[in-house]
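K.L.:
protein_26.cif is reproduced below (mmCIF, C-alpha atoms).
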data_structure
#
loop_
_atom_site.group_PDB
_atom_site.id
_atom_site.type_symbol
_atom_site.label_atom_id
_atom_site.label_comp_id
_atom_site.auth_asym_id
_atom_site.auth_seq_id
_atom_site.Cartn_x
_atom_site.Cartn_y
_atom_site.Cartn_z
ATOM 1 C CA SER I 4 -4.443 2.468 -39.830
ATOM 2 C CA LEU I 5 -3.807 -1.255 -40.225
ATOM 3 C CA THR I 6 -0.734 -3.291 -39.375
ATOM 4 C CA LEU I 7 0.317 -6.942 -39.511
ATOM 5 C CA ILE I 8 1.001 -8.994 -36.410
ATOM 6 C CA GLY I 9 2.546 -12.434 -36.262
ATOM 7 C CA GLY I 10 5.704 -13.839 -34.748
ATOM 8 C CA PHE I 11 7.380 -17.203 -34.332
ATOM 9 C CA ASN I 12 6.407 -20.175 -32.180
ATOM 10 C CA ARG I 13 9.572 -21.750 -30.771
ATOM 11 C CA ALA I 14 7.740 -24.852 -29.581
ATOM 12 C CA TRP I 15 6.402 -25.571 -33.067
ATOM 13 C CA GLY I 16 9.420 -24.213 -34.884
ATOM 14 C CA LEU I 17 7.050 -22.437 -37.267
ATOM 15 C CA PRO I 18 6.033 -18.840 -37.965
ATOM 16 C CA LEU I 19 2.690 -17.706 -36.579
ATOM 17 C CA PRO I 20 -0.098 -16.707 -38.992
ATOM 18 C CA GLN I 21 0.058 -13.097 -40.138
ATOM 19 C CA ARG I 22 -3.076 -11.148 -39.217
ATOM 20 C CA HIS I 23 -4.338 -7.653 -39.862
ATOM 21 C CA ALA I 24 -4.842 -5.490 -36.799
ATOM 22 C CA LEU I 25 -5.424 -1.873 -35.909
ATOM 23 C CA ALA I 26 -2.124 -0.094 -35.382
ATOM 24 C CA PRO I 27 -1.252 1.018 -31.833
ATOM 25 C CA GLY I 28 -2.420 4.560 -31.178
ATOM 26 C CA SER I 29 -5.382 4.391 -33.555
ATOM 27 C CA VAL I 30 -8.119 6.863 -32.560
ATOM 28 C CA PHE I 31 -11.850 6.586 -33.297
ATOM 29 C CA VAL I 32 -14.320 9.369 -32.535
ATOM 30 C CA PHE I 33 -17.936 8.587 -31.625
ATOM 31 C CA GLU I 34 -20.388 11.267 -30.582
ATOM 32 C CA VAL I 35 -23.247 10.659 -28.177
ATOM 33 C CA ALA I 36 -26.176 13.049 -27.998
ATOM 34 C CA GLY I 37 -26.715 14.069 -24.422
ATOM 35 C CA PRO I 38 -25.214 12.543 -21.291
ATOM 36 C CA LEU I 39 -23.578 9.122 -21.552
ATOM 37 C CA PRO I 40 -26.050 6.470 -20.350
ATOM 38 C CA ALA I 41 -24.936 4.593 -17.254
ATOM 39 C CA THR I 42 -25.339 1.205 -18.936
ATOM 40 C CA LEU I 43 -23.125 2.270 -21.856
ATOM 41 C CA ALA I 44 -20.543 3.741 -19.491
ATOM 42 C CA ALA I 45 -20.422 0.428 -17.606
ATOM 43 C CA LYS I 46 -19.915 -1.538 -20.830
ATOM 44 C CA LEU I 47 -17.138 0.795 -21.951
ATOM 45 C CA ALA I 48 -15.447 0.448 -18.567
ATOM 46 C CA ALA I 49 -15.615 -3.340 -18.943
ATOM 47 C CA LEU I 50 -13.965 -3.071 -22.368
ATOM 48 C CA GLU I 51 -11.159 -1.019 -20.861
ATOM 49 C CA ASP I 52 -10.608 -3.699 -18.231
ATOM 50 C CA ALA I 53 -10.850 -6.761 -20.475
ATOM 51 C CA GLY I 54 -9.774 -5.423 -23.868
ATOM 52 C CA ILE I 55 -11.317 -6.284 -27.195
ATOM 53 C CA GLY I 56 -10.570 -8.683 -30.037
ATOM 54 C CA GLU I 57 -8.138 -11.600 -30.281
ATOM 55 C CA GLN I 58 -4.654 -12.263 -28.866
ATOM 56 C CA ARG I 59 -5.290 -10.154 -25.797
ATOM 57 C CA GLY I 60 -2.890 -12.416 -23.952
ATOM 58 C CA ASP I 61 -0.155 -11.153 -26.285
ATOM 59 C CA GLY I 62 -0.899 -7.519 -25.460
ATOM 60 C CA CYS I 63 -3.365 -6.808 -28.249
ATOM 61 C CA GLY I 64 -6.822 -5.303 -27.843
ATOM 62 C CA ARG I 65 -6.156 -2.692 -25.170
ATOM 63 C CA VAL I 66 -8.527 0.267 -25.439
ATOM 64 C CA ALA I 67 -9.018 3.560 -23.619
ATOM 65 C CA VAL I 68 -12.246 5.548 -23.683
ATOM 66 C CA ASN I 69 -12.231 9.328 -23.253
ATOM 67 C CA TRP I 70 -8.668 9.030 -22.052
ATOM 68 C CA GLN I 71 -7.875 12.687 -22.710
ATOM 69 C CA GLN I 72 -10.820 15.002 -22.141
ATOM 70 C CA ARG I 73 -9.056 18.359 -22.036
ATOM 71 C CA PRO I 74 -9.373 20.502 -25.155
ATOM 72 C CA ALA I 75 -5.649 21.267 -25.115
ATOM 73 C CA LEU I 76 -2.511 20.266 -23.235
ATOM 74 C CA THR I 77 -0.195 22.856 -21.723
ATOM 75 C CA TYR I 78 3.070 22.648 -19.868
ATOM 76 C CA THR I 79 5.071 24.974 -17.654
ATOM 77 C CA VAL I 80 8.842 25.042 -17.460
ATOM 78 C CA SER I 81 9.894 24.575 -13.867
ATOM 79 C CA THR I 82 12.169 27.207 -12.393
ATOM 80 C CA LEU I 83 13.072 25.139 -9.347
ATOM 81 C CA ALA I 84 16.729 24.266 -8.970
ATOM 82 C CA TYR I 85 17.410 20.756 -7.782
ATOM 83 C CA ALA I 86 20.711 19.919 -6.185
ATOM 84 C CA THR I 87 22.319 16.963 -7.906
ATOM 85 C CA GLN I 88 24.204 14.646 -5.627
ATOM 86 C CA GLU I 89 25.742 11.318 -6.483
ATOM 87 C CA ALA I 90 24.076 8.441 -4.700
ATOM 88 C CA LEU I 91 26.556 6.942 -2.273
ATOM 89 C CA LEU I 92 26.239 3.462 -0.881
ATOM 90 C CA PRO I 93 26.138 2.940 2.880
ATOM 91 C CA GLU I 94 29.431 1.801 4.322
ATOM 92 C CA ALA I 95 27.985 -1.629 5.088
ATOM 93 C CA ASP I 96 27.211 -2.183 1.380
ATOM 94 C CA GLN I 97 30.553 -1.010 0.024
ATOM 95 C CA PRO I 98 32.351 -4.399 0.296
ATOM 96 C CA LEU I 99 29.586 -5.969 -1.790
ATOM 97 C CA ALA I 100 29.874 -3.178 -4.372
ATOM 98 C CA ARG I 101 33.641 -3.649 -4.488
ATOM 99 C CA SER I 102 33.232 -7.394 -5.001
ATOM 100 C CA LEU I 103 30.667 -6.807 -7.750
ATOM 101 C CA GLY I 104 32.944 -4.251 -9.407
ATOM 102 C CA GLU I 105 35.851 -6.690 -9.424
ATOM 103 C CA ARG I 106 33.654 -9.321 -11.061
ATOM 104 C CA ILE I 107 32.660 -6.850 -13.768
ATOM 105 C CA LEU I 108 36.298 -5.935 -14.391
ATOM 106 C CA ARG I 109 37.232 -9.615 -14.482
ATOM 107 C CA ALA I 110 34.529 -10.343 -17.053
ATOM 108 C CA GLU I 111 35.759 -7.511 -19.282
ATOM 109 C CA LEU I 112 39.379 -8.633 -18.937
ATOM 110 C CA GLU I 113 38.478 -12.227 -19.819
ATOM 111 C CA ILE I 114 37.006 -11.029 -23.113
ATOM 112 C CA ALA I 115 40.015 -8.804 -23.809
ATOM 113 C CA LEU I 116 42.437 -11.622 -22.958
ATOM 114 C CA ALA I 117 40.763 -14.055 -25.358
ATOM 115 C CA GLU I 118 40.749 -11.448 -28.141
ATOM 116 C CA ARG I 119 44.449 -10.703 -27.744
ATOM 117 C CA ILE I 120 45.417 -14.360 -27.651
ATOM 118 C CA HIS I 121 43.449 -15.238 -30.778
ATOM 119 C CA ALA I 122 44.814 -12.188 -32.597
ATOM 120 C CA ARG I 123 48.309 -13.728 -32.549
ATOM 121 C CA SER I 124 49.563 -16.597 -34.678
ATOM 122 C CA LEU I 125 52.995 -17.962 -35.519
ATOM 123 C CA ALA I 126 54.307 -16.579 -38.783
ATOM 124 C CA ASN I 127 56.952 -19.319 -39.155
ATOM 125 C CA ARG I 128 55.621 -22.446 -37.459
ATOM 126 C CA GLU I 129 58.639 -24.564 -38.425
ATOM 127 C CA ALA I 130 61.009 -22.348 -36.426
ATOM 128 C CA ILE I 131 60.078 -23.685 -32.983
ATOM 129 C CA ARG I 132 59.203 -27.109 -31.628
ATOM 130 C CA ASN I 133 56.240 -27.973 -29.465
ATOM 131 C CA SER I 134 58.574 -29.357 -26.812
ATOM 132 C CA LEU I 135 59.998 -25.876 -26.180
ATOM 133 C CA LEU I 136 56.588 -24.216 -26.282
ATOM 134 C CA ASN I 137 55.239 -26.745 -23.784
ATOM 135 C CA ARG I 138 58.273 -26.307 -21.551
ATOM 136 C CA LEU I 139 57.676 -22.562 -21.362
ATOM 137 C CA ARG I 140 53.952 -23.109 -20.857
ATOM 138 C CA SER I 141 54.575 -25.509 -17.981
ATOM 139 C CA ALA I 142 56.752 -22.937 -16.237
ATOM 140 C CA ALA I 143 54.146 -20.191 -16.701
ATOM 141 C CA ARG I 144 51.289 -22.399 -15.524
ATOM 142 C CA ALA I 145 53.251 -23.519 -12.455
ATOM 143 C CA ARG I 146 53.783 -19.905 -11.386
ATOM 144 C CA LEU I 147 50.133 -19.125 -12.113
ATOM 145 C CA ALA I 148 48.990 -22.045 -9.947
ATOM 146 C CA GLU I 149 51.140 -20.779 -7.072
ATOM 147 C CA LEU I 150 49.703 -17.291 -7.449
ATOM 148 C CA GLN I 151 46.116 -18.541 -7.433
ATOM 149 C CA GLN I 152 46.733 -20.411 -4.167
ATOM 150 C CA LEU I 153 47.358 -17.153 -2.313
ATOM 151 C CA PRO I 154 44.552 -15.995 -0.004
ATOM 152 C CA PRO I 155 42.651 -13.149 -1.735
ATOM 153 C CA ALA I 156 43.467 -10.601 0.970
ATOM 154 C CA GLU I 157 47.169 -11.458 0.856
ATOM 155 C CA ALA I 158 47.265 -11.316 -2.950
ATOM 156 C CA ALA I 159 45.494 -7.940 -3.044
ATOM 157 C CA ALA I 160 47.985 -6.487 -0.559
ATOM 158 C CA LEU I 161 51.064 -7.381 -2.643
ATOM 159 C CA THR I 162 52.889 -4.598 -4.433
ATOM 160 C CA LEU I 163 53.911 -5.128 -8.047
ATOM 161 C CA ALA I 164 57.563 -5.568 -7.041
ATOM 162 C CA ASP I 165 56.656 -8.143 -4.392
ATOM 163 C CA ALA I 166 54.518 -10.092 -6.865
ATOM 164 C CA THR I 167 56.963 -9.932 -9.771
ATOM 165 C CA LYS I 168 59.908 -11.578 -8.033
ATOM 166 C CA PRO I 169 58.346 -14.950 -7.074
ATOM 167 C CA PHE I 170 55.992 -15.341 -10.027
ATOM 168 C CA LEU I 171 57.675 -13.785 -13.076
ATOM 169 C CA GLN I 172 61.389 -13.800 -12.333
ATOM 170 C CA PRO I 173 61.702 -17.632 -12.509
ATOM 171 C CA LEU I 174 60.155 -17.612 -15.983
ATOM 172 C CA HIS I 175 62.430 -14.771 -17.056
ATOM 173 C CA GLU I 176 65.461 -16.702 -15.822
ATOM 174 C CA LEU I 177 64.288 -19.760 -17.753
ATOM 175 C CA VAL I 178 64.027 -17.762 -21.000
ATOM 176 C CA ASP I 179 67.449 -16.173 -20.510
ATOM 177 C CA GLY I 180 69.051 -19.475 -19.492
ATOM 178 C CA LEU I 181 67.917 -21.599 -22.429
ATOM 179 C CA GLU I 182 70.610 -23.659 -24.084
ATOM 180 C CA ARG I 183 71.761 -22.554 -27.508
ATOM 181 C CA PRO I 184 69.495 -24.766 -29.694
ATOM 182 C CA ALA I 185 66.385 -23.793 -27.724
ATOM 183 C CA ALA I 186 67.431 -20.134 -27.567
ATOM 184 C CA GLU I 187 67.897 -20.090 -31.347
ATOM 185 C CA GLN I 188 64.431 -21.560 -31.857
ATOM 186 C CA LEU I 189 62.934 -18.874 -29.661
ATOM 187 C CA GLN I 190 64.919 -16.202 -31.481
ATOM 188 C CA ARG I 191 63.788 -17.377 -34.926
ATOM 189 C CA ALA I 192 60.115 -17.772 -34.018
ATOM 190 C CA ARG I 193 57.946 -14.805 -34.947
ATOM 191 C CA PHE I 194 54.246 -14.293 -34.495
ATOM 192 C CA TRP I 195 51.845 -12.130 -36.424
ATOM 193 C CA SER I 196 49.503 -9.797 -34.528
ATOM 194 C CA SER I 197 46.357 -8.976 -36.476
ATOM 195 C CA ARG I 198 45.530 -6.199 -33.982
ATOM 196 C CA LYS I 199 48.794 -4.344 -34.568
ATOM 197 C CA GLY I 200 49.437 -5.529 -38.108
ATOM 198 C CA GLU I 201 53.058 -6.450 -37.462
ATOM 199 C CA GLN I 202 55.411 -9.337 -36.764
ATOM 200 C CA THR I 203 57.272 -9.673 -33.474
ATOM 201 C CA ARG I 204 60.007 -12.053 -32.387
ATOM 202 C CA LEU I 205 58.654 -14.387 -29.750
ATOM 203 C CA SER I 206 61.809 -14.027 -27.647
ATOM 204 C CA ALA I 207 61.599 -10.219 -27.647
ATOM 205 C CA TRP I 208 57.892 -10.249 -26.811
ATOM 206 C CA LEU I 209 58.402 -12.649 -23.893
ATOM 207 C CA ARG I 210 61.195 -10.544 -22.409
ATOM 208 C CA THR I 211 59.136 -7.377 -22.802
ATOM 209 C CA ARG I 212 56.156 -8.890 -21.034
ATOM 210 C CA LEU I 213 58.297 -10.302 -18.217
ATOM 211 C CA THR I 214 60.283 -7.110 -17.602
ATOM 212 C CA GLN I 215 57.721 -4.397 -18.362
ATOM 213 C CA VAL I 216 54.830 -5.810 -16.385
ATOM 214 C CA ASP I 217 53.506 -2.391 -15.432
ATOM 215 C CA GLN I 218 52.923 -1.596 -19.130
ATOM 216 C CA LEU I 219 50.615 -4.559 -19.783
ATOM 217 C CA TRP I 220 47.355 -2.583 -19.804
ATOM 218 C CA VAL I 221 48.857 0.080 -22.085
ATOM 219 C CA ASP I 222 50.707 -2.269 -24.452
ATOM 220 C CA GLU I 223 47.582 -4.366 -24.957
ATOM 221 C CA ASN I 224 45.472 -1.270 -25.717
ATOM 222 C CA LEU I 225 43.258 -1.541 -22.653
ATOM 223 C CA GLY I 226 43.359 2.193 -22.000
ATOM 224 C CA GLY I 227 45.318 2.062 -18.766
ATOM 225 C CA THR I 228 44.518 0.390 -15.466
ATOM 226 C CA PRO I 229 41.025 -1.182 -15.550
ATOM 227 C CA MET I 230 38.712 0.627 -13.149
ATOM 228 C CA LEU I 231 35.084 1.550 -12.564
ATOM 229 C CA GLU I 232 32.890 3.192 -9.943
ATOM 230 C CA LEU I 233 29.745 1.819 -8.313
ATOM 231 C CA GLY I 234 27.770 3.985 -5.924
ATOM 232 C CA GLY I 235 30.787 6.079 -5.069
ATOM 233 C CA VAL I 236 33.003 3.017 -4.556
ATOM 234 C CA LYS I 237 36.024 3.095 -6.866
ATOM 235 C CA VAL I 238 37.220 -0.329 -7.965
ATOM 236 C CA THR I 239 40.681 -0.608 -9.524
ATOM 237 C CA ALA I 240 42.554 -3.668 -10.737
ATOM 238 C CA PRO I 241 45.171 -4.455 -8.040
ATOM 239 C CA PRO I 242 48.863 -4.893 -8.975
ATOM 240 C CA ILE I 243 48.635 -8.672 -8.622
ATOM 241 C CA TRP I 244 46.299 -8.714 -11.638
ATOM 242 C CA LEU I 245 49.153 -7.422 -13.793
ATOM 243 C CA VAL I 246 51.181 -10.487 -12.872
ATOM 244 C CA GLU I 247 48.260 -12.889 -13.217
ATOM 245 C CA TYR I 248 47.168 -11.653 -16.642
ATOM 246 C CA THR I 249 50.775 -11.493 -17.843
ATOM 247 C CA LEU I 250 51.158 -15.193 -17.042
ATOM 248 C CA ARG I 251 47.794 -16.039 -18.586
ATOM 249 C CA LEU I 252 48.571 -14.037 -21.722
ATOM 250 C CA ILE I 253 51.940 -15.761 -22.117
ATOM 251 C CA ASP I 254 50.377 -19.181 -21.556
ATOM 252 C CA GLY I 255 47.595 -18.439 -24.036
ATOM 253 C CA VAL I 256 49.923 -17.144 -26.753
ATOM 254 C CA LEU I 257 52.215 -20.166 -26.376
ATOM 255 C CA ALA I 258 49.220 -22.519 -26.469
ATOM 256 C CA GLN I 259 47.957 -20.769 -29.599
ATOM 257 C CA ALA I 260 51.400 -21.202 -31.156
ATOM 258 C CA ALA I 261 51.486 -24.910 -30.299
ATOM 259 C CA ARG I 262 48.096 -25.417 -31.954
ATOM 260 C CA THR I 263 49.161 -23.667 -35.147
ATOM 261 C CA PRO I 264 49.479 -26.358 -37.850
ATOM 262 C CA ARG I 265 52.809 -26.752 -39.559
ATOM 263 C CA GLN I 266 52.736 -25.326 -43.067
ATOM 264 C CA THR I 267 54.164 -26.588 -46.293
ATOM 265 C CA PRO I 268 56.609 -24.250 -48.080
ATOM 266 C CA ALA I 269 53.861 -23.226 -50.516
ATOM 267 C CA GLN I 270 51.428 -22.439 -47.678
ATOM 268 C CA ASP I 271 54.115 -20.518 -45.813
ATOM 269 C CA GLN I 272 54.820 -18.389 -48.891
ATOM 270 C CA THR I 273 51.102 -17.677 -49.328
ATOM 271 C CA HIS I 274 50.841 -16.717 -45.633
ATOM 272 C CA LYS I 275 53.752 -14.289 -45.970
ATOM 273 C CA GLN I 276 52.260 -12.706 -49.084
ATOM 274 C CA ALA I 277 48.905 -12.246 -47.319
ATOM 275 C CA GLN I 278 50.627 -10.531 -44.394
ATOM 276 C CA GLY I 279 52.801 -8.413 -46.656
#
How does this structure look as structure tokens?
P.N.:
Amino acid sequence: SLTLIGGFNRAWGLPLPQRHALAPGSVFVFEVAGPLPATLAAKLAALEDAGIGEQRGDGCGRVAVNWQQRPALTYTVSTLAYATQEALLPEADQPLARSLGERILRAELEIALAERIHARSLANREAIRNSLLNRLRSAARARLAELQQLPPAEAAALTLADATKPFLQPLHELVDGLERPAAEQLQRARFWSSRKGEQTRLSAWLRTRLTQVDQLWVDENLGGTPMLELGGVKVTAPPIWLVEYTLRLIDGVLAQAARTPRQTPAQDQTHKQAQG
């Protein structure tokens, strides 16, 4: 049977000419009376090596002569039982596997973090000023910078309680200690989550994230603690990641709020109707 071959030349920025060709798997039968002459056998062998026709450099023109000479194919179901055993990495390679696993988890969490930040937007932009948002962001980013300065081994060894006190408690105290005008702004501000389809007070969300750190993976629908296994090496997100991604999520949500344009009353009413 026939088929069309073509393609696209990126260098030219143009499609390649469409040409007719024999479809892959096409079979032609030729009969030879008597034994196959040696000269013909040599020519056929050369065709198998070099191919035939055009665009052989693109994989076209491959031929096989007398590839299957048996009159029929048969198979036998094996009765041998093979022991299945998980391939385990040598102990010397396990640190590399653990490092690779952490990079994979990090890459997945980066995607999830960006999705959850962009899924939130302020429902009432006029309720809170950028000065307050930036003040909270500065506090979160300062704690995050301190956390990232820790040696990796020391950070990985911290328990959740040990990591929460120096890196999240100061931000929690800042939120609880805001003066009345700033506290009222934070109380009035609400953001819309397209993932959950609901509005949440910014003040309540901040306090939840700062006090229920261990619930981050569950609350953000990540299916529990991120983990994977490579060659028998189990890699699990350490407790310090809960603190780090809590700070990064808070910073990202506040930054998203600060970038939200202020709406006119008519736009705000339209936004509320769309959410309702």
K.L.:
Residues near Gly64 of chain I, anyone? I mean within 6 Å using only C-alpha atoms, not counting same-chain ones fewer than 2 positions away, as an mmCIF file with C-alpha atoms, in the frame of the given file.
P.N.:
data_model
loop_
_atom_site.group_PDB
_atom_site.id
_atom_site.type_symbol
_atom_site.label_atom_id
_atom_site.label_comp_id
_atom_site.auth_asym_id
_atom_site.auth_seq_id
_atom_site.Cartn_x
_atom_site.Cartn_y
_atom_site.Cartn_z
ATOM 1 C CA GLY I 54 -9.774 -5.423 -23.868
ATOM 2 C CA ILE I 55 -11.317 -6.284 -27.195
ATOM 3 C CA GLY I 56 -10.570 -8.683 -30.037
ATOM 4 C CA ARG I 59 -5.290 -10.154 -25.797
#
K.L.:
Might you pull out every residue within 10 Å of Ser206 of chain I, with only C-alpha atoms counted and same-chain residues fewer than 4 positions away left off, and present them as a ChimeraX atom specification?
P.N.:
/I:178-179,186-193,210-211
K.L.:
Neighbours of Ile131 of chain I within 12 Å (all atoms listed in the file; same-chain residues fewer than 2 positions away dropped), as a VMD selection string?
P.N.:
chain I and resid 125 to 129 133 to 139 184 to 194 204 to 206 257 260 to 261 263 to 265
K.L.:
What does the PyMOL selection byres ((chain I and resi 63) around 10) select in this file, as a PDB file with C-alpha atoms, keeping the file's coordinate frame?
P.N.:
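Result saved to selection10.pdb:
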ATOM      1  CA  ILE I   8       1.001  -8.994 -36.410  1.00  0.00           C
ATOM      2  CA  ALA I  24      -4.842  -5.490 -36.799  1.00  0.00           C
ATOM      3  CA  LEU I  25      -5.424  -1.873 -35.909  1.00  0.00           C
ATOM      4  CA  ALA I  26      -2.124  -0.094 -35.382  1.00  0.00           C
ATOM      5  CA  PRO I  27      -1.252   1.018 -31.833  1.00  0.00           C
ATOM      6  CA  GLY I  54      -9.774  -5.423 -23.868  1.00  0.00           C
ATOM      7  CA  ILE I  55     -11.317  -6.284 -27.195  1.00  0.00           C
ATOM      8  CA  GLY I  56     -10.570  -8.683 -30.037  1.00  0.00           C
ATOM      9  CA  GLU I  57      -8.138 -11.600 -30.281  1.00  0.00           C
ATOM     10  CA  GLN I  58      -4.654 -12.263 -28.866  1.00  0.00           C
ATOM     11  CA  ARG I  59      -5.290 -10.154 -25.797  1.00  0.00           C
ATOM     12  CA  GLY I  60      -2.890 -12.416 -23.952  1.00  0.00           C
ATOM     13  CA  ASP I  61      -0.155 -11.153 -26.285  1.00  0.00           C
ATOM     14  CA  GLY I  62      -0.899  -7.519 -25.460  1.00  0.00           C
ATOM     15  CA  GLY I  64      -6.822  -5.303 -27.843  1.00  0.00           C
ATOM     16  CA  ARG I  65      -6.156  -2.692 -25.170  1.00  0.00           C
ATOM     17  CA  VAL I  66      -8.527   0.267 -25.439  1.00  0.00           C
TER      18      VAL I  66
END
K.L.:
Go through I:Ala67, I:Trp220, I:Arg123, I:Ala117 one by one, measure the shortest atom-to-atom distance of each to Gly200 of chain I using all atoms listed in the file, and give the residue with the smallest value.
P.N.:
I:Arg123
K.L.:
Enclose the full set of atoms of segment 75-84 of chain I listed in the file within a box whose edges lie along x, y and z, apply 3 Å of padding to each of the six sides, and report centre and edge lengths in Å to one decimal as lines of an AutoDock Vina configuration file.
P.N.:
center_x = 5.5
center_y = 23.7
center_z = -17.0
size_x = 28.4
size_y = 12.9
size_z = 22.1
K.L.:
As a PyMOL selection string, please: the residues near Thr249 of chain I (cut-off 9 Å, all atoms listed in the file, same-chain neighbours under 3 positions excluded).
P.N.:
chain I and resi 171+212-213+216+219+244-246+252-254
